Amino acid sequence: MLTTARLFIVGSPVLGALLLSAGCGGHLASVDNMHRARIEASPQFKDGVFVNRLPSDNPIEQGGGWSMLGRWFDGQELRRPTQPIEVVNRSRADFATLVEPLRVTWLGHSSMLIEIDGRRVLTDPIWSERASPVTFAGPKRFHDPPLALDQLPQIHAVIISHDHYDHLDEPTIKALSKQAVSFYVPLGVGAHLRDWGVPDARVIELDWWERASVGDVELVAVPARHRSGRGPLDIDRTLWASWAVLGPQHRVFFSGDTGYHNEFVEIGRRLGPFDITLMESGAYNAMWRDSHMGPEQALRAHRELRGELMVPIHWGTFNLGLHAWTEPAERLLAGAHERDVRLALPRPGESVTPEQIMVARWWPPQPWQSAAEAPVVSSQVEPETRLAVCPPEQRAAHGPELARLDAPDSRCAKTGSATPVGTAAPGVLRTDS
């Protein structure tokens with residue numbers, strides 16, 4: 001019998017319900033003996049499935065799925081835009097030359113075009129109208145892709161975080177496979193691509209902490225806390241991962257989908273600091289607190305990674321959560337101010353460089369819930385502490401590394417010691433201006 005926990009596996013609860021009602025069991029990708037041996041040798045693979053290093057305690061997996069579905073259909077949140085979203089339409093001509101040593105362009109959801117030290121890396125590309133196994137139902141895009149698929153410039157690598165439908169899109173993969181581009185994926189995900197006709201030589205599967213090179217740019221698969229599967233029959237049969245993109249001069253972190261976990265500090269220590277972090281910030285809820293971070297924990301992870309500029313992803317494109325579609329941006333602005341994090345909130349299609357701070361409100365004002373009203377706090381982790389924010393003159397005197405410290409610093413002693421996040425004065429966590 002299918003449990004409510006299985007509704008969760010494909011990236012959104014409503015999409016899971018659609019699969020069951022449509023009788024979709026998910027395609028079981030074929031794995032040959034060579035690739036199966038690698039999977040079974042992974043430290044993350046136990047008893048026939050991949051597992052997180054921290055145990056998950058998602059209420060939706062403990063029998064809370066049906067109440068959640070009731071809220072999905074009865075909720076009053078403005079989960080979809082009522083007016084067209086302002087999109088910056090782009091063409092191949094905009095990317096004709098690699099003019100910047102580091103530039104990232106948000107193409108919607110978790111699809112990012114990373115231009116880093118002479119290479120172009122595309123993340124979790126989805127150009128389909130729906131994040132769904134069927135074309136007639138499922139989460140539909142809020143806006144058209146700002147860059148047409150046939151307008152993409154030459155791509156040197158495609159990285160995939162996991163195999164949920166809103167991150168691994170079959171039609172898009174098939175179109176990209178016509179280019180001479182290689183796909184870098186977590187263990188097991190390559191079976192999907194090979195089934196779709198991608199040559200085995202262009203599918204590189206990595207376990208956590210394994211590396212591959214694209215010219216002089218390194219791609220490192222790093223630990224994440226999530227799930228996988230494209231239907232009830234293949235839950236957790238493939239691995240999930242975040243990615244570090246390391247160039248000779250610049251570094252980018254791509255979270256993919258992940259709950260907050262206790263290895264961000266280690267990732268930052270070994271691979272950071274990062275010029276830009278691309279952090280999932282939407283489709284969160286306390287019901288699945290260990291699989292999606294939410295805005296506040298994304299900001300916490302950014303600091304622990306030793307990130308300089310944070311760009312949120314996984315919001316503003318599909319209705320996959322139980323919050324207002326603008327809420328991630330509002331909570332990020334409030335949380336970034338409290339944590340002294342440099343933030344960029346580009347419009348779909350807009351490009352960002354490390355020097356930019358883009359916080360102009362391109363989304364409409366509408367009701368939303370603050371972190372205090374709708375907290376998302378992962379289990380099995382230590383509570384967050386808030387660094388005292390240094391006055392501007394102290395930041396200028398001591399340098400940008402102050403914002404990346406993992407503990408209170410004596411140079412900011414005048415502002416007080418660290419306190420648990422959420423104990424700030426009323427009004428700090430929410431701003432509607």
# chains A, B, ... in the order shown; residues from 1 in each chain; ligands from 1
>>> residues_around(residues="segment 248-260 of chain A", least_positions_apart="6", cutoff="9 Å", atoms="only C-alpha atoms", output="short mmCIF file (atom, residue, chain, number, x, y, z; two decimals) with N, CA and C atoms, in the first residue's frame")
data_model
loop_
_atom_site.label_atom_id
_atom_site.label_comp_id
_atom_site.auth_asym_id
_atom_site.auth_seq_id
_atom_site.Cartn_x
_atom_site.Cartn_y
_atom_site.Cartn_z
N GLY A 11 9.24 15.98 -5.52
CA GLY A 11 9.57 17.39 -5.46
C GLY A 11 8.43 18.27 -5.01
N PRO A 101 34.70 37.44 -15.95
CA PRO A 101 35.34 36.25 -15.36
C PRO A 101 34.36 35.41 -14.56
N LEU A 102 33.30 36.03 -14.01
CA LEU A 102 32.25 35.30 -13.32
C LEU A 102 30.94 36.04 -13.48
N SER A 110 15.66 26.39 -10.62
CA SER A 110 17.05 26.10 -10.27
C SER A 110 17.95 26.06 -11.49
N ILE A 114 26.01 29.49 -15.46
CA ILE A 114 27.20 29.97 -14.76
C ILE A 114 28.32 30.15 -15.78
N ILE A 116 32.12 31.02 -15.78
CA ILE A 116 33.18 31.08 -14.78
C ILE A 116 34.53 30.78 -15.43
N ASP A 117 35.40 31.75 -15.40
CA ASP A 117 36.78 31.59 -15.86
C ASP A 117 36.88 30.91 -17.22
N THR A 123 22.93 24.51 -14.85
CA THR A 123 22.47 23.70 -13.73
C THR A 123 20.99 23.35 -13.88
N ASP A 124 20.64 22.13 -13.55
CA ASP A 124 19.26 21.63 -13.46
C ASP A 124 18.34 22.26 -14.51
N ILE A 160 23.47 18.17 -12.79
CA ILE A 160 22.15 17.81 -12.29
C ILE A 160 22.28 17.50 -10.80
N SER A 161 21.36 18.01 -10.00
CA SER A 161 21.42 17.78 -8.55
C SER A 161 20.72 16.50 -8.13
N HIS A 162 19.62 16.14 -8.80
CA HIS A 162 18.89 14.91 -8.47
C HIS A 162 17.81 14.71 -9.53
N HIS A 167 13.86 19.21 -11.66
CA HIS A 167 15.30 19.36 -11.79
C HIS A 167 15.88 18.52 -12.93
N ASP A 216 39.96 23.68 -17.13
CA ASP A 216 40.58 23.98 -15.85
C ASP A 216 39.55 24.33 -14.78
N VAL A 217 38.30 23.99 -15.01
CA VAL A 217 37.24 24.14 -14.00
C VAL A 217 36.92 22.77 -13.42
N GLU A 218 36.88 22.69 -12.11
CA GLU A 218 36.55 21.44 -11.43
C GLU A 218 35.10 21.46 -10.95
N ALA A 224 24.35 16.55 0.29
CA ALA A 224 23.08 17.26 0.40
C ALA A 224 22.14 16.40 1.24
N ARG A 225 21.01 16.97 1.62
CA ARG A 225 20.03 16.26 2.46
C ARG A 225 18.67 16.33 1.76
N HIS A 226 18.32 15.27 1.05
CA HIS A 226 17.11 15.33 0.25
C HIS A 226 16.56 13.92 0.03
N ARG A 227 15.84 13.72 -1.05
CA ARG A 227 15.31 12.44 -1.49
C ARG A 227 15.44 12.37 -3.01
N TRP A 240 21.45 12.18 -4.58
CA TRP A 240 21.22 13.62 -4.71
C TRP A 240 22.50 14.31 -4.26
N ALA A 241 22.74 15.52 -4.74
CA ALA A 241 23.99 16.21 -4.40
C ALA A 241 23.86 17.70 -4.61
N SER A 242 24.64 18.45 -3.86
CA SER A 242 24.95 19.84 -4.19
C SER A 242 26.26 19.82 -4.98
N LEU A 271 36.40 23.71 0.37
CA LEU A 271 36.25 24.18 -1.01
C LEU A 271 36.03 25.68 -1.13
N GLY A 272 35.69 26.35 -0.04
CA GLY A 272 35.42 27.77 -0.08
C GLY A 272 36.69 28.59 0.04
N PRO A 273 36.54 29.92 0.14
CA PRO A 273 35.28 30.66 0.11
C PRO A 273 34.70 30.71 -1.29
N PHE A 274 33.39 30.96 -1.37
CA PHE A 274 32.68 31.01 -2.65
C PHE A 274 32.34 32.45 -2.99
N ASP A 275 32.63 32.84 -4.23
CA ASP A 275 32.27 34.18 -4.68
C ASP A 275 30.76 34.35 -4.73
N ILE A 276 30.07 33.30 -5.19
CA ILE A 276 28.60 33.32 -5.28
C ILE A 276 28.08 31.98 -4.80
N THR A 277 27.04 32.00 -3.99
CA THR A 277 26.31 30.78 -3.66
C THR A 277 24.92 30.87 -4.26
N LEU A 278 24.47 29.79 -4.87
CA LEU A 278 23.15 29.68 -5.47
C LEU A 278 22.35 28.76 -4.57
N MET A 279 21.46 29.32 -3.75
CA MET A 279 20.86 28.60 -2.64
C MET A 279 19.36 28.44 -2.79
N GLU A 280 18.89 27.19 -2.68
CA GLU A 280 17.45 26.94 -2.75
C GLU A 280 16.77 27.64 -1.58
N TRP A 288 8.04 19.30 5.61
CA TRP A 288 9.20 18.64 4.98
C TRP A 288 10.47 19.42 5.31
N ARG A 289 10.66 19.69 6.59
CA ARG A 289 11.72 20.55 7.08
C ARG A 289 13.12 20.00 6.84
N ASP A 290 13.25 18.68 6.67
CA ASP A 290 14.57 18.10 6.47
C ASP A 290 14.93 17.88 5.01
N SER A 291 14.08 18.34 4.10
CA SER A 291 14.35 18.17 2.68
C SER A 291 14.47 19.49 1.93
N HIS A 292 13.98 20.58 2.52
CA HIS A 292 14.11 21.92 1.93
C HIS A 292 14.44 22.90 3.04
N MET A 293 15.42 23.77 2.81
CA MET A 293 15.93 24.63 3.87
C MET A 293 14.99 25.76 4.27
N GLY A 294 14.40 26.42 3.28
CA GLY A 294 13.71 27.67 3.56
C GLY A 294 14.70 28.83 3.60
N GLN A 297 17.40 29.28 6.79
CA GLN A 297 18.46 28.28 6.83
C GLN A 297 19.35 28.36 5.59
N ALA A 298 18.81 28.82 4.46
CA ALA A 298 19.65 29.05 3.29
C ALA A 298 20.69 30.14 3.58
N ARG A 300 21.80 30.89 6.56
CA ARG A 300 22.75 30.28 7.50
C ARG A 300 23.78 29.44 6.75
N ALA A 301 23.31 28.60 5.83
CA ALA A 301 24.23 27.75 5.07
C ALA A 301 25.20 28.59 4.25
N LEU A 305 29.21 28.30 4.42
CA LEU A 305 29.99 27.98 3.22
C LEU A 305 31.07 29.01 2.95
N GLY A 307 30.35 32.12 1.92
CA GLY A 307 29.91 32.76 0.69
C GLY A 307 30.02 34.27 0.77
N ILE A 313 17.62 30.53 -5.45
CA ILE A 313 17.04 29.76 -6.55
C ILE A 313 15.85 28.97 -6.00
N HIS A 314 15.19 28.21 -6.89
CA HIS A 314 14.08 27.33 -6.47
C HIS A 314 12.91 28.14 -5.92
N VAL A 377 12.63 24.73 10.59
CA VAL A 377 13.88 24.42 11.29
C VAL A 377 14.13 22.92 11.15
N SER A 378 15.23 22.57 10.51
CA SER A 378 15.55 21.16 10.29
C SER A 378 15.86 20.47 11.61
N SER A 379 15.62 19.16 11.64
CA SER A 379 15.91 18.36 12.83
C SER A 379 17.36 17.91 12.83
N VAL A 381 20.03 19.11 14.04
CA VAL A 381 21.10 20.09 13.89
C VAL A 381 21.07 21.05 15.07
#
>>> residues_around(residues="Asp150 of chain A", least_positions_apart="2", cutoff="9 Å", atoms="only C-alpha atoms", output="MDAnalysis selection string")
chainID A and resid 92 147:148 152:153 175
>>> write_last_selection(atoms="C-alpha atoms", output="short mmCIF file (atom, residue, chain, number, x, y, z; two decimals), in the first residue's frame")
data_model
loop_
_atom_site.label_atom_id
_atom_site.label_comp_id
_atom_site.auth_asym_id
_atom_site.auth_seq_id
_atom_site.Cartn_x
_atom_site.Cartn_y
_atom_site.Cartn_z
CA ARG A 92 22.36 34.03 -27.78
CA LEU A 147 16.17 32.39 -22.90
CA ALA A 148 14.84 30.04 -25.56
CA LEU A 152 21.61 28.87 -25.56
CA PRO A 153 25.28 29.63 -26.20
CA ALA A 175 17.46 18.67 -26.66
#
>>> residues_around(residues="Glu115 of chain A", least_positions_apart="2", cutoff="6 Å", atoms="only C-alpha atoms", output="list in words")
Leu102, Arg103, Arg119 and Arg120 of chain A
>>> write_last_selection(atoms="N, CA and C atoms", output="mmCIF file, in the first residue's frame")
data_model
loop_
_atom_site.group_PDB
_atom_site.id
_atom_site.type_symbol
_atom_site.label_atom_id
_atom_site.label_comp_id
_atom_site.auth_asym_id
_atom_site.auth_seq_id
_atom_site.Cartn_x
_atom_site.Cartn_y
_atom_site.Cartn_z
ATOM 1 N N LEU A 102 33.298 36.028 -14.008
ATOM 2 C CA LEU A 102 32.249 35.297 -13.315
ATOM 3 C C LEU A 102 30.942 36.044 -13.478
ATOM 4 N N ARG A 103 29.970 35.343 -14.027
ATOM 5 C CA ARG A 103 28.629 35.897 -14.188
ATOM 6 C C ARG A 103 27.652 34.737 -14.105
ATOM 7 N N ARG A 119 34.469 29.186 -18.902
ATOM 8 C CA ARG A 119 33.609 28.022 -19.146
ATOM 9 C C ARG A 119 32.171 28.371 -18.797
ATOM 10 N N ARG A 120 31.245 27.667 -19.451
ATOM 11 C CA ARG A 120 29.818 27.837 -19.166
ATOM 12 C C ARG A 120 29.258 26.530 -18.613
#
>>> atom_distance(atom1="atom CA of Ala244 of chain A", atom2="atom CA of Leu54 of chain A")
20.8 Å
>>> closest_atom_pairs(of="segment 114-175 of chain A", to="segment 197-215 of chain A", cutoff="9 Å", atoms="only C-alpha atoms", output="JSON lines")
{"residue": "A:Arg119", "atom": "CA", "partner": "A:Val214", "partner_atom": "CA", "distance": 8.0}
{"residue": "A:His156", "atom": "CA", "partner": "A:Val214", "partner_atom": "CA", "distance": 7.2}
{"residue": "A:Ala157", "atom": "CA", "partner": "A:Val214", "partner_atom": "CA", "distance": 7.2}
{"residue": "A:Ile173", "atom": "CA", "partner": "A:Val198", "partner_atom": "CA", "distance": 8.3}
{"residue": "A:Lys174", "atom": "CA", "partner": "A:Gly197", "partner_atom": "CA", "distance": 7.4}
>>> closest_residue(among="A:Pro223, A:Val51, A:Glu355, A:Ser30", to="Gly188 of chain A", atoms="only C-alpha atoms")
A:Ser30
